[in-house]
>>> print(open('input20.cif').read())   # mmCIF, N, CA and C atoms
data_data
loop_
_atom_site.label_atom_id
_atom_site.label_comp_id
_atom_site.auth_asym_id
_atom_site.auth_seq_id
_atom_site.Cartn_x
_atom_site.Cartn_y
_atom_site.Cartn_z
N MET A 969 83.84 94.67 90.15
CA MET A 969 85.14 94.57 89.52
C MET A 969 86.20 94.87 90.58
N SER A 970 87.23 94.08 90.62
CA SER A 970 88.28 94.29 91.62
C SER A 970 89.13 95.49 91.24
N SER A 971 89.88 96.00 92.20
CA SER A 971 90.69 97.19 91.95
C SER A 971 91.83 96.90 90.98
N VAL A 972 92.36 95.67 90.99
CA VAL A 972 93.43 95.32 90.06
C VAL A 972 92.91 95.30 88.63
N ALA A 973 91.76 94.70 88.41
CA ALA A 973 91.17 94.65 87.08
C ALA A 973 90.76 96.04 86.62
N ALA A 974 90.30 96.88 87.54
CA ALA A 974 89.90 98.24 87.16
C ALA A 974 91.12 99.06 86.74
N GLY A 975 92.30 98.74 87.26
CA GLY A 975 93.51 99.45 86.87
C GLY A 975 93.91 99.16 85.43
N TYR A 976 93.53 98.00 84.93
CA TYR A 976 93.86 97.63 83.55
C TYR A 976 92.81 98.10 82.54
N LEU A 977 91.68 98.58 83.01
CA LEU A 977 90.60 98.99 82.11
C LEU A 977 91.03 100.10 81.15
N PRO A 978 91.71 101.16 81.59
CA PRO A 978 92.13 102.19 80.62
C PRO A 978 93.09 101.65 79.56
N ILE A 979 93.95 100.71 79.95
CA ILE A 979 94.87 100.12 78.97
C ILE A 979 94.10 99.31 77.95
N LEU A 980 93.10 98.55 78.39
CA LEU A 980 92.29 97.77 77.45
C LEU A 980 91.48 98.67 76.53
N ILE A 981 90.97 99.76 77.05
CA ILE A 981 90.24 100.71 76.21
C ILE A 981 91.17 101.32 75.17
N PHE A 982 92.38 101.70 75.59
CA PHE A 982 93.35 102.26 74.67
C PHE A 982 93.72 101.26 73.59
N LEU A 983 93.96 100.01 73.96
CA LEU A 983 94.27 98.98 72.97
C LEU A 983 93.12 98.76 71.99
N GLY A 984 91.90 98.77 72.50
CA GLY A 984 90.73 98.62 71.63
C GLY A 984 90.62 99.75 70.62
N ILE A 985 90.84 100.98 71.08
CA ILE A 985 90.78 102.13 70.17
C ILE A 985 91.93 102.04 69.15
N ALA A 986 93.13 101.66 69.59
CA ALA A 986 94.27 101.56 68.69
C ALA A 986 94.02 100.50 67.62
N LEU A 987 93.50 99.34 68.02
CA LEU A 987 93.22 98.29 67.05
C LEU A 987 92.13 98.71 66.07
N THR A 988 91.12 99.39 66.56
CA THR A 988 90.04 99.86 65.69
C THR A 988 90.57 100.86 64.67
N LEU A 989 91.38 101.82 65.13
CA LEU A 989 91.92 102.82 64.21
C LEU A 989 92.88 102.20 63.21
N SER A 990 93.72 101.28 63.67
CA SER A 990 94.65 100.65 62.72
C SER A 990 93.90 99.82 61.69
N PHE A 991 92.86 99.13 62.12
CA PHE A 991 92.03 98.38 61.17
C PHE A 991 91.38 99.35 60.18
N GLY A 992 90.89 100.47 60.71
CA GLY A 992 90.21 101.44 59.86
C GLY A 992 91.12 102.10 58.85
N PHE A 993 92.37 102.35 59.22
CA PHE A 993 93.29 103.04 58.32
C PHE A 993 94.08 102.12 57.42
N VAL A 994 94.13 100.82 57.73
CA VAL A 994 94.94 99.91 56.93
C VAL A 994 94.06 98.96 56.12
N VAL A 995 93.20 98.24 56.79
CA VAL A 995 92.45 97.18 56.13
C VAL A 995 91.29 97.72 55.31
N VAL A 996 90.56 98.69 55.84
CA VAL A 996 89.38 99.20 55.14
C VAL A 996 89.73 99.80 53.77
N PRO A 997 90.77 100.65 53.63
CA PRO A 997 91.09 101.15 52.28
C PRO A 997 91.49 100.04 51.31
N MET A 998 92.16 99.01 51.82
CA MET A 998 92.53 97.90 50.93
C MET A 998 91.28 97.16 50.46
N LEU A 999 90.33 96.93 51.35
CA LEU A 999 89.10 96.26 50.96
C LEU A 999 88.28 97.11 50.00
N VAL A 1000 88.19 98.39 50.25
CA VAL A 1000 87.42 99.27 49.37
C VAL A 1000 88.03 99.32 47.98
N SER A 1001 89.37 99.35 47.88
CA SER A 1001 89.99 99.39 46.56
C SER A 1001 89.75 98.08 45.80
N ARG A 1002 89.73 96.98 46.51
CA ARG A 1002 89.45 95.69 45.83
C ARG A 1002 88.00 95.64 45.35
N LEU A 1003 87.08 96.15 46.17
CA LEU A 1003 85.67 96.06 45.82
C LEU A 1003 85.26 97.07 44.76
N THR A 1004 85.91 98.22 44.70
CA THR A 1004 85.51 99.24 43.73
C THR A 1004 86.24 99.12 42.41
N GLY A 1005 87.20 98.23 42.29
CA GLY A 1005 87.89 98.04 41.02
C GLY A 1005 89.12 98.90 40.87
N ALA A 1006 89.51 99.63 41.90
CA ALA A 1006 90.70 100.45 41.81
C ALA A 1006 91.96 99.59 41.82
N HIS A 1007 91.82 98.35 42.23
CA HIS A 1007 92.95 97.42 42.26
C HIS A 1007 93.00 96.72 40.90
N ALA A 1008 93.80 97.27 40.00
CA ALA A 1008 93.94 96.68 38.67
C ALA A 1008 95.42 96.58 38.35
N PRO A 1009 96.07 95.52 38.81
CA PRO A 1009 97.52 95.42 38.56
C PRO A 1009 97.83 95.17 37.10
N ASN A 1010 98.87 95.80 36.63
CA ASN A 1010 99.39 95.53 35.30
C ASN A 1010 100.92 95.59 35.39
N PRO A 1011 101.63 95.14 34.39
CA PRO A 1011 103.10 95.08 34.49
C PRO A 1011 103.74 96.44 34.77
N GLN A 1012 103.18 97.50 34.22
CA GLN A 1012 103.78 98.81 34.43
C GLN A 1012 103.60 99.27 35.89
N LYS A 1013 102.47 98.96 36.50
CA LYS A 1013 102.25 99.33 37.90
C LYS A 1013 103.11 98.51 38.85
N LEU A 1014 103.47 97.31 38.47
CA LEU A 1014 104.22 96.43 39.35
C LEU A 1014 105.73 96.60 39.21
N GLN A 1015 106.19 97.51 38.34
CA GLN A 1015 107.63 97.75 38.20
C GLN A 1015 108.17 98.49 39.42
N GLU A 1016 109.49 98.35 39.61
CA GLU A 1016 110.13 99.10 40.68
C GLU A 1016 110.12 100.57 40.32
N TYR A 1017 110.06 101.39 41.33
CA TYR A 1017 110.05 102.83 41.11
C TYR A 1017 111.21 103.44 41.88
N GLU A 1018 112.14 104.05 41.17
CA GLU A 1018 113.27 104.72 41.80
C GLU A 1018 113.46 106.07 41.14
N CYS A 1019 113.14 107.11 41.81
CA CYS A 1019 113.44 108.48 41.37
C CYS A 1019 112.87 108.81 39.99
N GLY A 1020 111.80 108.19 39.59
CA GLY A 1020 111.17 108.54 38.33
C GLY A 1020 111.70 107.85 37.11
N PHE A 1021 112.69 106.99 37.24
CA PHE A 1021 113.20 106.27 36.08
C PHE A 1021 113.42 104.81 36.46
N PRO A 1022 113.35 103.91 35.50
CA PRO A 1022 113.50 102.49 35.82
C PRO A 1022 114.91 102.17 36.31
N ALA A 1023 114.99 101.16 37.14
CA ALA A 1023 116.29 100.74 37.66
C ALA A 1023 117.14 100.20 36.52
N PHE A 1024 118.41 100.54 36.54
CA PHE A 1024 119.29 100.10 35.47
C PHE A 1024 120.51 99.36 35.98
N GLU A 1025 120.66 99.24 37.29
CA GLU A 1025 121.81 98.53 37.84
C GLU A 1025 121.35 97.53 38.88
N ASP A 1026 122.31 96.79 39.34
CA ASP A 1026 122.06 95.82 40.40
C ASP A 1026 121.72 96.56 41.70
N ALA A 1027 120.86 95.98 42.50
CA ALA A 1027 120.46 96.62 43.76
C ALA A 1027 121.61 96.70 44.75
N ARG A 1028 122.63 95.89 44.56
CA ARG A 1028 123.77 95.90 45.47
C ARG A 1028 124.91 96.77 44.96
N ALA A 1029 124.61 97.70 44.06
CA ALA A 1029 125.64 98.57 43.52
C ALA A 1029 126.16 99.51 44.61
N GLN A 1030 127.42 99.87 44.52
CA GLN A 1030 128.01 100.75 45.51
C GLN A 1030 127.65 102.20 45.22
N PHE A 1031 127.42 102.94 46.30
CA PHE A 1031 127.13 104.36 46.18
C PHE A 1031 128.42 105.15 46.39
N ASP A 1032 128.44 106.34 45.87
CA ASP A 1032 129.58 107.22 46.08
C ASP A 1032 129.62 107.64 47.56
N VAL A 1033 130.80 107.78 48.08
CA VAL A 1033 130.98 108.12 49.49
C VAL A 1033 130.39 109.49 49.80
N ARG A 1034 130.32 110.35 48.80
CA ARG A 1034 129.82 111.71 49.05
C ARG A 1034 128.37 111.71 49.53
N PHE A 1035 127.58 110.72 49.10
CA PHE A 1035 126.20 110.65 49.60
C PHE A 1035 126.20 110.48 51.11
N TYR A 1036 127.07 109.62 51.60
CA TYR A 1036 127.14 109.37 53.04
C TYR A 1036 127.70 110.58 53.77
N LEU A 1037 128.69 111.24 53.19
CA LEU A 1037 129.26 112.41 53.83
C LEU A 1037 128.23 113.54 53.96
N VAL A 1038 127.46 113.75 52.92
CA VAL A 1038 126.42 114.78 52.98
C VAL A 1038 125.38 114.42 54.02
N ALA A 1039 125.02 113.14 54.10
CA ALA A 1039 124.04 112.71 55.10
C ALA A 1039 124.57 112.90 56.52
N ILE A 1040 125.84 112.56 56.73
CA ILE A 1040 126.42 112.73 58.06
C ILE A 1040 126.51 114.21 58.42
N LEU A 1041 126.91 115.05 57.47
CA LEU A 1041 126.96 116.49 57.75
C LEU A 1041 125.57 117.04 58.05
N PHE A 1042 124.57 116.57 57.33
CA PHE A 1042 123.20 117.02 57.61
C PHE A 1042 122.79 116.64 59.03
N ILE A 1043 123.08 115.41 59.43
CA ILE A 1043 122.71 114.96 60.78
C ILE A 1043 123.44 115.79 61.83
N ILE A 1044 124.72 116.06 61.61
CA ILE A 1044 125.48 116.85 62.58
C ILE A 1044 124.87 118.23 62.75
N PHE A 1045 124.58 118.91 61.67
CA PHE A 1045 124.07 120.27 61.79
C PHE A 1045 122.59 120.29 62.18
N ASP A 1046 121.89 119.22 61.93
CA ASP A 1046 120.53 119.11 62.43
C ASP A 1046 120.54 118.96 63.95
N LEU A 1047 121.47 118.16 64.45
CA LEU A 1047 121.61 118.02 65.91
C LEU A 1047 122.04 119.32 66.54
N GLU A 1048 122.87 120.07 65.84
CA GLU A 1048 123.27 121.37 66.37
C GLU A 1048 122.05 122.25 66.57
N ALA A 1049 121.17 122.30 65.60
CA ALA A 1049 119.97 123.11 65.72
C ALA A 1049 119.07 122.59 66.84
N ALA A 1050 119.03 121.27 67.01
CA ALA A 1050 118.20 120.69 68.07
C ALA A 1050 118.76 121.03 69.45
N PHE A 1051 120.07 121.19 69.58
CA PHE A 1051 120.66 121.54 70.86
C PHE A 1051 120.62 123.04 71.14
N LEU A 1052 120.57 123.86 70.11
CA LEU A 1052 120.60 125.31 70.32
C LEU A 1052 119.32 125.84 70.95
N PHE A 1053 118.18 125.29 70.61
CA PHE A 1053 116.93 125.83 71.17
C PHE A 1053 116.81 125.60 72.67
N PRO A 1054 117.00 124.37 73.18
CA PRO A 1054 116.92 124.21 74.64
C PRO A 1054 118.01 125.00 75.37
N TRP A 1055 119.17 125.14 74.74
CA TRP A 1055 120.23 125.93 75.35
C TRP A 1055 119.79 127.39 75.48
N ALA A 1056 119.19 127.92 74.44
CA ALA A 1056 118.75 129.31 74.47
C ALA A 1056 117.66 129.53 75.51
N VAL A 1057 116.79 128.54 75.68
CA VAL A 1057 115.70 128.68 76.64
C VAL A 1057 116.23 128.64 78.08
N THR A 1058 117.24 127.81 78.33
CA THR A 1058 117.74 127.65 79.70
C THR A 1058 118.96 128.51 80.00
N LEU A 1059 119.27 129.45 79.14
CA LEU A 1059 120.46 130.27 79.36
C LEU A 1059 120.35 131.12 80.62
N ASP A 1060 119.13 131.47 81.04
CA ASP A 1060 118.96 132.23 82.29
C ASP A 1060 119.50 131.45 83.48
N PHE A 1061 119.29 130.15 83.46
CA PHE A 1061 119.67 129.31 84.61
C PHE A 1061 121.13 128.88 84.55
N THR A 1062 121.63 128.61 83.35
CA THR A 1062 122.99 128.09 83.25
C THR A 1062 124.05 129.18 83.25
N ARG A 1063 123.66 130.38 82.89
CA ARG A 1063 124.53 131.55 82.90
C ARG A 1063 125.83 131.34 82.12
N LEU A 1064 126.94 131.70 82.71
CA LEU A 1064 128.22 131.69 82.02
C LEU A 1064 128.70 130.28 81.70
N SER A 1065 128.49 129.33 82.60
CA SER A 1065 128.96 127.97 82.33
C SER A 1065 128.20 127.35 81.15
N GLY A 1066 126.92 127.61 81.04
CA GLY A 1066 126.15 127.11 79.90
C GLY A 1066 126.58 127.76 78.60
N TRP A 1067 126.88 129.05 78.67
CA TRP A 1067 127.33 129.76 77.48
C TRP A 1067 128.67 129.21 77.01
N VAL A 1068 129.61 129.01 77.95
CA VAL A 1068 130.93 128.49 77.60
C VAL A 1068 130.82 127.08 77.02
N ALA A 1069 129.98 126.24 77.62
CA ALA A 1069 129.81 124.87 77.12
C ALA A 1069 129.28 124.88 75.69
N MET A 1070 128.32 125.76 75.39
CA MET A 1070 127.77 125.82 74.05
C MET A 1070 128.78 126.39 73.06
N MET A 1071 129.60 127.31 73.48
CA MET A 1071 130.62 127.86 72.59
C MET A 1071 131.67 126.78 72.26
N ILE A 1072 132.01 125.96 73.23
CA ILE A 1072 132.93 124.84 72.96
C ILE A 1072 132.29 123.87 71.96
N PHE A 1073 131.00 123.58 72.16
CA PHE A 1073 130.27 122.69 71.24
C PHE A 1073 130.24 123.28 69.83
N LEU A 1074 129.95 124.56 69.72
CA LEU A 1074 129.90 125.19 68.40
C LEU A 1074 131.28 125.26 67.76
N ALA A 1075 132.32 125.46 68.58
CA ALA A 1075 133.69 125.47 68.04
C ALA A 1075 134.05 124.10 67.48
N GLU A 1076 133.66 123.04 68.18
CA GLU A 1076 133.92 121.69 67.67
C GLU A 1076 133.19 121.45 66.36
N LEU A 1077 131.95 121.90 66.27
CA LEU A 1077 131.22 121.75 65.01
C LEU A 1077 131.84 122.58 63.91
N GLY A 1078 132.31 123.78 64.25
CA GLY A 1078 132.97 124.62 63.27
C GLY A 1078 134.25 123.97 62.75
N LEU A 1079 135.01 123.36 63.65
CA LEU A 1079 136.21 122.65 63.23
C LEU A 1079 135.87 121.47 62.32
N GLY A 1080 134.80 120.77 62.66
CA GLY A 1080 134.36 119.65 61.81
C GLY A 1080 133.94 120.13 60.43
N LEU A 1081 133.24 121.25 60.38
CA LEU A 1081 132.84 121.81 59.09
C LEU A 1081 134.05 122.25 58.29
N ALA A 1082 135.01 122.90 58.94
CA ALA A 1082 136.22 123.33 58.24
C ALA A 1082 137.00 122.13 57.70
N TYR A 1083 137.07 121.07 58.48
CA TYR A 1083 137.77 119.86 58.04
C TYR A 1083 137.06 119.24 56.83
N ALA A 1084 135.72 119.14 56.91
CA ALA A 1084 134.96 118.56 55.80
C ALA A 1084 135.10 119.43 54.55
N TRP A 1085 135.10 120.73 54.73
CA TRP A 1085 135.25 121.65 53.61
C TRP A 1085 136.63 121.49 52.97
N LYS A 1086 137.67 121.39 53.82
CA LYS A 1086 139.03 121.26 53.32
C LYS A 1086 139.22 119.94 52.57
N LYS A 1087 138.58 118.88 53.04
CA LYS A 1087 138.70 117.57 52.40
C LYS A 1087 137.86 117.46 51.13
N GLY A 1088 137.01 118.45 50.87
CA GLY A 1088 136.20 118.45 49.66
C GLY A 1088 134.90 117.69 49.80
N ALA A 1089 134.43 117.47 51.03
CA ALA A 1089 133.19 116.74 51.23
C ALA A 1089 131.99 117.52 50.74
N LEU A 1090 132.11 118.84 50.64
CA LEU A 1090 130.99 119.66 50.21
C LEU A 1090 131.01 119.95 48.72
N GLU A 1091 132.04 119.50 48.04
CA GLU A 1091 132.14 119.69 46.59
C GLU A 1091 131.34 118.62 45.88
N TRP A 1092 130.64 119.00 44.85
CA TRP A 1092 129.84 118.06 44.08
C TRP A 1092 130.17 118.24 42.61
N GLU A 1093 130.43 117.15 41.93
CA GLU A 1093 130.83 117.23 40.51
C GLU A 1093 129.62 117.26 39.61
#
>>> encode(input="input20.cif", output="structure tokens")
Amino acid sequence: MSSVAAGYLPILIFLGIALTLSFGFVVVPMLVSRLTGAHAPNPQKLQEYECGFPAFEDARAQFDVRFYLVAILFIIFDLEAAFLFPWAVTLDFTRLSGWVAMMIFLAELGLGLAYAWKKGALEWE
């Protein structure tokens, strides 16, 4: 075997294992359910499922803006937590400049929270 072909051998082995596992986890359960009779469609099983109750409106209905505001606030504060851990770990190396940068970042987030709170984004009716 040439050295170029030998370099691709681990990639081919990895692809073979990936295909085998994906076949095993996707296709095999579907085949087993068809063969054992677990696949028994009926109208109730084929209905849409949304939050435990049947759909009652058009799928293109508008959502309240508060859903999006809560999602955006969650992402912002989730990112804050994701940035705080590496900052805390590297504080020995960054010293005062790292501390000041993080305090500016936290102040900006605090201002954003105060603004959202003042606008009523956290109020729910």
>>> atom_distance(input="input20.cif", atom1="CA of Leu1041 (chain A)", atom2="CA of Gly1088 (chain A)")
12.4 Å
>>> atom_distance(input="input20.cif", atom1="atom N of Leu1074 (chain A)", atom2="CA of Pro1054 (chain A)")
13.9 Å
>>> closest_residue(input="input20.cif", among="A:Met1071, A:Arg1028, A:Ile985, A:Ile1040", to="Trp1055 (chain A)", atoms="only C-alpha atoms")
A:Met1071
>>> atom_distance(input="input20.cif", atom1="atom C of Pro1011 (chain A)", atom2="CA of Gln1030 (chain A)")
26.9 Å
>>> closest_residue(input="input20.cif", among="A:Ala1089, A:Ile979, A:Ala973, A:Leu1059", to="Val1033 (chain A)", atoms="only C-alpha atoms")
A:Ala1089
>>> select_by_dssp(input="input20.cif", residues="region 972-1085 of chain A", states="helix (DSSP H, G or I)", output="PyMOL selection string")
chain A and resi 972-1004+1033-1057+1059-1085
>>> residues_around(input="input20.cif", residues="Phe1073 (chain A)", least_positions_apart="2", cutoff="12 Å", atoms="only C-alpha atoms", output="number ranges by chain")
A: 1044-1045, 1047-1049, 1051-1052, 1055, 1066-1071, 1075-1080
